[in-house]
Structure formats: structure tokens, C-alpha cells
$ cat data.txt   # compact mmCIF, N, CA and C atoms
# COMPACT_ATOMS: atom_id res chain seq x y z
N GLU A 28 0.85 -1.17 0.00
CA GLU A 28 0.00 0.00 0.00
C GLU A 28 0.89 1.24 0.00
N ALA A 29 0.74 2.06 -1.02
CA ALA A 29 1.57 3.25 -1.16
C ALA A 29 0.95 4.41 -0.37
N ILE A 30 1.80 5.14 0.31
CA ILE A 30 1.35 6.31 1.06
C ILE A 30 2.10 7.52 0.52
N PHE A 31 1.35 8.55 0.19
CA PHE A 31 1.94 9.77 -0.33
C PHE A 31 2.22 10.71 0.82
N THR A 32 3.44 11.16 0.93
CA THR A 32 3.78 12.14 1.95
C THR A 32 4.41 13.34 1.29
N GLU A 33 4.15 14.49 1.82
CA GLU A 33 4.67 15.73 1.26
C GLU A 33 5.72 16.29 2.20
N THR A 34 6.88 16.59 1.66
CA THR A 34 7.94 17.18 2.45
C THR A 34 7.83 18.69 2.35
N ILE A 35 7.80 19.36 3.47
CA ILE A 35 7.70 20.81 3.49
C ILE A 35 9.08 21.39 3.72
N ASN A 36 9.47 22.29 2.84
CA ASN A 36 10.78 22.92 2.93
C ASN A 36 10.68 24.13 3.87
N PRO A 37 11.37 24.12 5.01
CA PRO A 37 11.27 25.24 5.94
C PRO A 37 11.89 26.54 5.41
N ASP A 38 12.72 26.42 4.36
CA ASP A 38 13.36 27.60 3.79
C ASP A 38 12.54 28.22 2.65
N TYR A 39 11.37 27.63 2.35
CA TYR A 39 10.54 28.13 1.27
C TYR A 39 10.00 29.51 1.59
N GLN A 40 10.05 30.40 0.61
CA GLN A 40 9.51 31.75 0.77
C GLN A 40 8.55 32.01 -0.36
N GLU A 41 7.52 32.81 -0.09
CA GLU A 41 6.55 33.16 -1.11
C GLU A 41 7.25 33.88 -2.27
N LYS A 42 6.75 33.66 -3.48
CA LYS A 42 7.32 34.33 -4.65
C LYS A 42 6.95 35.81 -4.63
N SER A 43 7.85 36.60 -5.06
CA SER A 43 7.56 38.03 -5.21
C SER A 43 7.85 38.40 -6.66
N ILE A 44 7.42 39.58 -7.03
CA ILE A 44 7.65 40.00 -8.41
C ILE A 44 9.10 40.43 -8.55
N THR A 45 9.94 39.46 -8.88
CA THR A 45 11.35 39.75 -9.08
C THR A 45 11.74 39.46 -10.53
N LYS A 46 11.00 38.56 -11.16
CA LYS A 46 11.29 38.24 -12.55
C LYS A 46 10.50 39.17 -13.44
N LYS A 47 11.07 39.51 -14.55
CA LYS A 47 10.39 40.34 -15.54
C LYS A 47 10.58 39.67 -16.89
N PRO A 48 9.58 39.78 -17.76
CA PRO A 48 9.78 39.21 -19.09
C PRO A 48 10.84 40.00 -19.85
N ARG A 49 11.55 39.33 -20.73
CA ARG A 49 12.55 40.02 -21.54
C ARG A 49 11.88 41.03 -22.45
N LYS A 50 12.52 42.16 -22.64
CA LYS A 50 11.98 43.22 -23.49
C LYS A 50 11.80 42.72 -24.92
N GLY A 51 10.71 43.15 -25.53
CA GLY A 51 10.46 42.80 -26.92
C GLY A 51 9.81 41.45 -27.13
N THR A 52 9.57 40.69 -26.07
CA THR A 52 8.94 39.38 -26.22
C THR A 52 7.42 39.51 -26.19
N LYS A 53 6.75 38.47 -26.60
CA LYS A 53 5.29 38.48 -26.57
C LYS A 53 4.77 38.55 -25.13
N GLN A 54 5.48 37.93 -24.20
CA GLN A 54 5.10 38.03 -22.79
C GLN A 54 5.20 39.48 -22.31
N ALA A 55 6.24 40.18 -22.72
CA ALA A 55 6.39 41.58 -22.33
C ALA A 55 5.26 42.42 -22.93
N MET A 56 4.85 42.10 -24.17
CA MET A 56 3.73 42.82 -24.77
C MET A 56 2.45 42.58 -23.98
N LEU A 57 2.23 41.34 -23.54
CA LEU A 57 1.04 41.04 -22.75
C LEU A 57 1.05 41.80 -21.43
N VAL A 58 2.19 41.85 -20.77
CA VAL A 58 2.29 42.58 -19.50
C VAL A 58 1.98 44.05 -19.71
N ARG A 59 2.51 44.65 -20.78
CA ARG A 59 2.23 46.06 -21.05
C ARG A 59 0.73 46.29 -21.29
N LEU A 60 0.10 45.40 -22.06
CA LEU A 60 -1.34 45.53 -22.30
C LEU A 60 -2.13 45.41 -21.00
N LEU A 61 -1.74 44.46 -20.17
CA LEU A 61 -2.46 44.22 -18.91
C LEU A 61 -2.25 45.34 -17.91
N GLN A 62 -1.16 46.09 -18.02
CA GLN A 62 -0.88 47.17 -17.08
C GLN A 62 -1.60 48.47 -17.42
N ARG A 63 -2.21 48.54 -18.60
CA ARG A 63 -2.96 49.74 -18.96
C ARG A 63 -4.14 49.90 -18.01
N PRO A 64 -4.52 51.13 -17.67
CA PRO A 64 -5.66 51.33 -16.75
C PRO A 64 -6.95 50.68 -17.24
N GLN A 65 -7.17 50.68 -18.56
CA GLN A 65 -8.38 50.08 -19.10
C GLN A 65 -8.24 48.58 -19.31
N GLY A 66 -7.03 48.05 -19.13
CA GLY A 66 -6.80 46.62 -19.31
C GLY A 66 -6.80 46.23 -20.77
N THR A 67 -7.11 44.98 -21.04
CA THR A 67 -7.11 44.47 -22.41
C THR A 67 -8.11 43.33 -22.53
N THR A 68 -8.55 43.07 -23.73
CA THR A 68 -9.48 41.97 -23.98
C THR A 68 -8.72 40.77 -24.55
N MET A 69 -9.39 39.64 -24.55
CA MET A 69 -8.79 38.43 -25.13
C MET A 69 -8.50 38.65 -26.61
N ASP A 70 -9.43 39.29 -27.32
CA ASP A 70 -9.22 39.53 -28.76
C ASP A 70 -7.99 40.39 -29.02
N GLU A 71 -7.76 41.41 -28.19
CA GLU A 71 -6.57 42.25 -28.34
C GLU A 71 -5.30 41.44 -28.10
N MET A 72 -5.32 40.60 -27.06
CA MET A 72 -4.13 39.79 -26.75
C MET A 72 -3.85 38.78 -27.86
N VAL A 73 -4.90 38.18 -28.42
CA VAL A 73 -4.73 37.23 -29.52
C VAL A 73 -4.17 37.94 -30.75
N LYS A 74 -4.69 39.12 -31.05
CA LYS A 74 -4.22 39.87 -32.23
C LYS A 74 -2.76 40.28 -32.09
N ILE A 75 -2.37 40.78 -30.92
CA ILE A 75 -1.00 41.24 -30.70
C ILE A 75 0.01 40.09 -30.72
N THR A 76 -0.33 38.99 -30.05
CA THR A 76 0.62 37.88 -29.94
C THR A 76 0.56 36.90 -31.11
N MET A 77 -0.56 36.92 -31.84
CA MET A 77 -0.80 35.94 -32.90
C MET A 77 -0.87 34.51 -32.35
N TRP A 78 -1.29 34.39 -31.10
CA TRP A 78 -1.50 33.09 -30.45
C TRP A 78 -2.97 32.75 -30.48
N GLN A 79 -3.28 31.48 -30.25
CA GLN A 79 -4.68 31.08 -30.09
C GLN A 79 -5.13 31.42 -28.67
N LYS A 80 -6.44 31.48 -28.47
CA LYS A 80 -6.99 31.88 -27.18
C LYS A 80 -6.52 30.98 -26.04
N HIS A 81 -6.45 29.68 -26.27
CA HIS A 81 -6.03 28.78 -25.19
C HIS A 81 -4.57 29.02 -24.79
N THR A 82 -3.76 29.45 -25.73
CA THR A 82 -2.36 29.76 -25.41
C THR A 82 -2.26 31.03 -24.58
N VAL A 83 -3.07 32.04 -24.92
CA VAL A 83 -3.09 33.28 -24.14
C VAL A 83 -3.57 32.99 -22.72
N ARG A 84 -4.65 32.21 -22.59
CA ARG A 84 -5.16 31.87 -21.25
C ARG A 84 -4.11 31.12 -20.43
N GLY A 85 -3.41 30.19 -21.05
CA GLY A 85 -2.37 29.44 -20.35
C GLY A 85 -1.23 30.34 -19.92
N THR A 86 -0.85 31.28 -20.76
CA THR A 86 0.22 32.22 -20.43
C THR A 86 -0.21 33.12 -19.28
N LEU A 87 -1.46 33.58 -19.30
CA LEU A 87 -1.97 34.40 -18.19
C LEU A 87 -1.91 33.61 -16.90
N SER A 88 -2.40 32.38 -16.94
CA SER A 88 -2.49 31.57 -15.74
C SER A 88 -1.12 31.16 -15.20
N HIS A 89 -0.28 30.64 -16.06
CA HIS A 89 0.99 30.10 -15.59
C HIS A 89 2.10 31.16 -15.52
N THR A 90 2.37 31.79 -16.64
CA THR A 90 3.52 32.69 -16.70
C THR A 90 3.28 34.01 -15.99
N ILE A 91 2.20 34.69 -16.34
CA ILE A 91 1.97 36.03 -15.80
C ILE A 91 1.63 35.96 -14.30
N LYS A 92 0.74 35.04 -13.95
CA LYS A 92 0.33 34.96 -12.54
C LYS A 92 1.34 34.21 -11.67
N LYS A 93 1.65 32.99 -12.05
CA LYS A 93 2.46 32.13 -11.18
C LYS A 93 3.95 32.42 -11.25
N ARG A 94 4.50 32.48 -12.46
CA ARG A 94 5.95 32.64 -12.58
C ARG A 94 6.39 34.08 -12.31
N LEU A 95 5.65 35.05 -12.88
CA LEU A 95 6.03 36.44 -12.69
C LEU A 95 5.42 37.06 -11.44
N GLY A 96 4.36 36.46 -10.91
CA GLY A 96 3.78 36.89 -9.65
C GLY A 96 2.80 38.05 -9.72
N TYR A 97 2.28 38.37 -10.90
CA TYR A 97 1.32 39.47 -11.02
C TYR A 97 -0.07 39.00 -10.60
N LEU A 98 -0.87 39.93 -10.09
CA LEU A 98 -2.26 39.67 -9.76
C LEU A 98 -3.10 40.17 -10.93
N VAL A 99 -3.77 39.24 -11.62
CA VAL A 99 -4.56 39.59 -12.80
C VAL A 99 -6.04 39.55 -12.45
N GLU A 100 -6.72 40.66 -12.74
CA GLU A 100 -8.15 40.78 -12.49
C GLU A 100 -8.90 40.58 -13.80
N SER A 101 -10.05 39.94 -13.72
CA SER A 101 -10.87 39.70 -14.89
C SER A 101 -12.30 40.13 -14.57
N ALA A 102 -12.89 40.96 -15.43
CA ALA A 102 -14.26 41.41 -15.22
C ALA A 102 -14.88 41.75 -16.56
N LYS A 103 -16.21 41.69 -16.61
CA LYS A 103 -16.91 42.05 -17.84
C LYS A 103 -17.21 43.55 -17.82
N ASN A 104 -17.04 44.19 -18.98
CA ASN A 104 -17.32 45.63 -19.09
C ASN A 104 -18.78 45.85 -19.46
N ALA A 105 -19.14 47.10 -19.73
CA ALA A 105 -20.53 47.46 -20.05
C ALA A 105 -21.03 46.76 -21.32
N ASP A 106 -20.12 46.43 -22.23
CA ASP A 106 -20.49 45.75 -23.47
C ASP A 106 -20.51 44.23 -23.32
N ASN A 107 -20.38 43.75 -22.07
CA ASN A 107 -20.37 42.32 -21.74
C ASN A 107 -19.15 41.60 -22.34
N VAL A 108 -18.04 42.33 -22.48
CA VAL A 108 -16.78 41.77 -22.96
C VAL A 108 -15.84 41.66 -21.76
N ARG A 109 -15.19 40.50 -21.63
CA ARG A 109 -14.28 40.29 -20.50
C ARG A 109 -13.00 41.09 -20.71
N VAL A 110 -12.61 41.82 -19.65
CA VAL A 110 -11.40 42.65 -19.69
C VAL A 110 -10.45 42.16 -18.59
N TYR A 111 -9.19 42.01 -18.95
CA TYR A 111 -8.16 41.55 -18.02
C TYR A 111 -7.22 42.70 -17.74
N ARG A 112 -6.73 42.79 -16.49
CA ARG A 112 -5.72 43.80 -16.17
C ARG A 112 -4.95 43.38 -14.93
N ILE A 113 -3.75 43.92 -14.83
CA ILE A 113 -2.91 43.67 -13.65
C ILE A 113 -3.29 44.71 -12.60
N VAL A 114 -3.52 44.24 -11.38
CA VAL A 114 -3.86 45.14 -10.28
C VAL A 114 -2.81 45.02 -9.19
N GLU A 115 -2.70 46.05 -8.38
CA GLU A 115 -1.78 46.03 -7.25
C GLU A 115 -2.38 45.16 -6.15
N ALA A 116 -1.56 44.41 -5.49
CA ALA A 116 -2.04 43.51 -4.42
C ALA A 116 -2.50 44.26 -3.20
$ encode --input "data.txt" --output "C-alpha cells"
Amino acid sequence: EAIFTETINPDYQEKSITKKPRKGTKQAMLVRLLQRPQGTTMDEMVKITMWQKHTVRGTLSHTIKKRLGYLVESAKNADNVRVYRIVEA
């Protein structure tokens, strides 16, 4: 009978925003779009990056939020279009 145990590292520290995307990359373009006060839509991100929607969503979830440590807010605007933006914690 296998038992799964998790080892907790006492030296582990929460991630902070220390990493930044390299200038001129598609990730850097996404961060700039997300930092605008009005935010950005999925269609704008797809058009700028030339990625498919599922790739943009994955990049938002993994790279922008988890790896880079940004807090991304998502809400629908008056036209019922979802808008994403980076907010201060």
C-alpha cells in the first residue's frame, strides 16, 4: 500500500515579483497591455501575440500569474466583454 507524503521545505519563501519578461517578447507585450488602466481583452491579446486563445489563457495563468507573480483581475465591461488587467495587491 503506497502512502503519499509531502515534504515541506522550511526555507521556502513566497514568490515576489522579481522576474520580468525580456523586453520585446510576446510576454512583455502582454504585461504592457495588462498594465494599462483600461486593461485588455482576449481579442486584443490574440491579435498582438498571434497566439490562439487557449495559449493566451495558459500564459496568463501560468507565466503572468504564477511565474512572474502578477495579480490579474478579470471582469466584464458594459459591453459584456471580458477585460483583463494587472492590479496592485
$ residues_around --input "data.txt" --residues "Arg49 (chain A)" --least-positions-apart "5" --cutoff "12 Å" --atoms "only C-alpha atoms" --output "list in words"
Gln54, Ala55, Met56, Leu57, Val58, Arg59 and Leu95 of chain A
$ select_by_dssp --input "data.txt" --residues "region 46-104 of chain A" --states "strand (DSSP E or B)" --output "list in words"
Thr67, Thr68, Leu98, Val99, Glu100, Ser101, Ala102 and Lys103 of chain A
$ residues_near_point --input "data.txt" --point "(-8.7, 43.9, -15.9)" --cutoff "8 Å" --atoms "only N, CA and C atoms" --output "JSON, numbers by chain"
{"A": [61, 63, 64, 65, 66, 67, 68, 99, 100, 101, 102, 103, 109, 110, 111, 112, 113, 114]}
$ atom_distance --input "data.txt" --atom1 "atom N of Leu60 (chain A)" --atom2 "atom C of Leu87 (chain A)"
13.0 Å
$ atom_distance --input "data.txt" --atom1 "atom C of Glu115 (chain A)" --atom2 "CA of Leu98 (chain A)"
6.6 Å
$ atom_distance --input "data.txt" --atom1 "CA of Arg84 (chain A)" --atom2 "CA of Lys53 (chain A)"
13.5 Å
$ closest_residue --input "data.txt" --among "A:Thr90, A:Ile75, A:Thr52, A:Met69" --to "Val108 (chain A)" --atoms "only N, CA and C atoms"
A:Met69
$ axis_aligned_box --input "data.txt" --around "region 103-108 of chain A" --padding-each-side "3 Å" --output "lines of an AutoDock Vina configuration file"
center_x = -18.4
center_y = 44.5
center_z = -20.0
size_x = 11.2
size_y = 11.9
size_z = 12.9
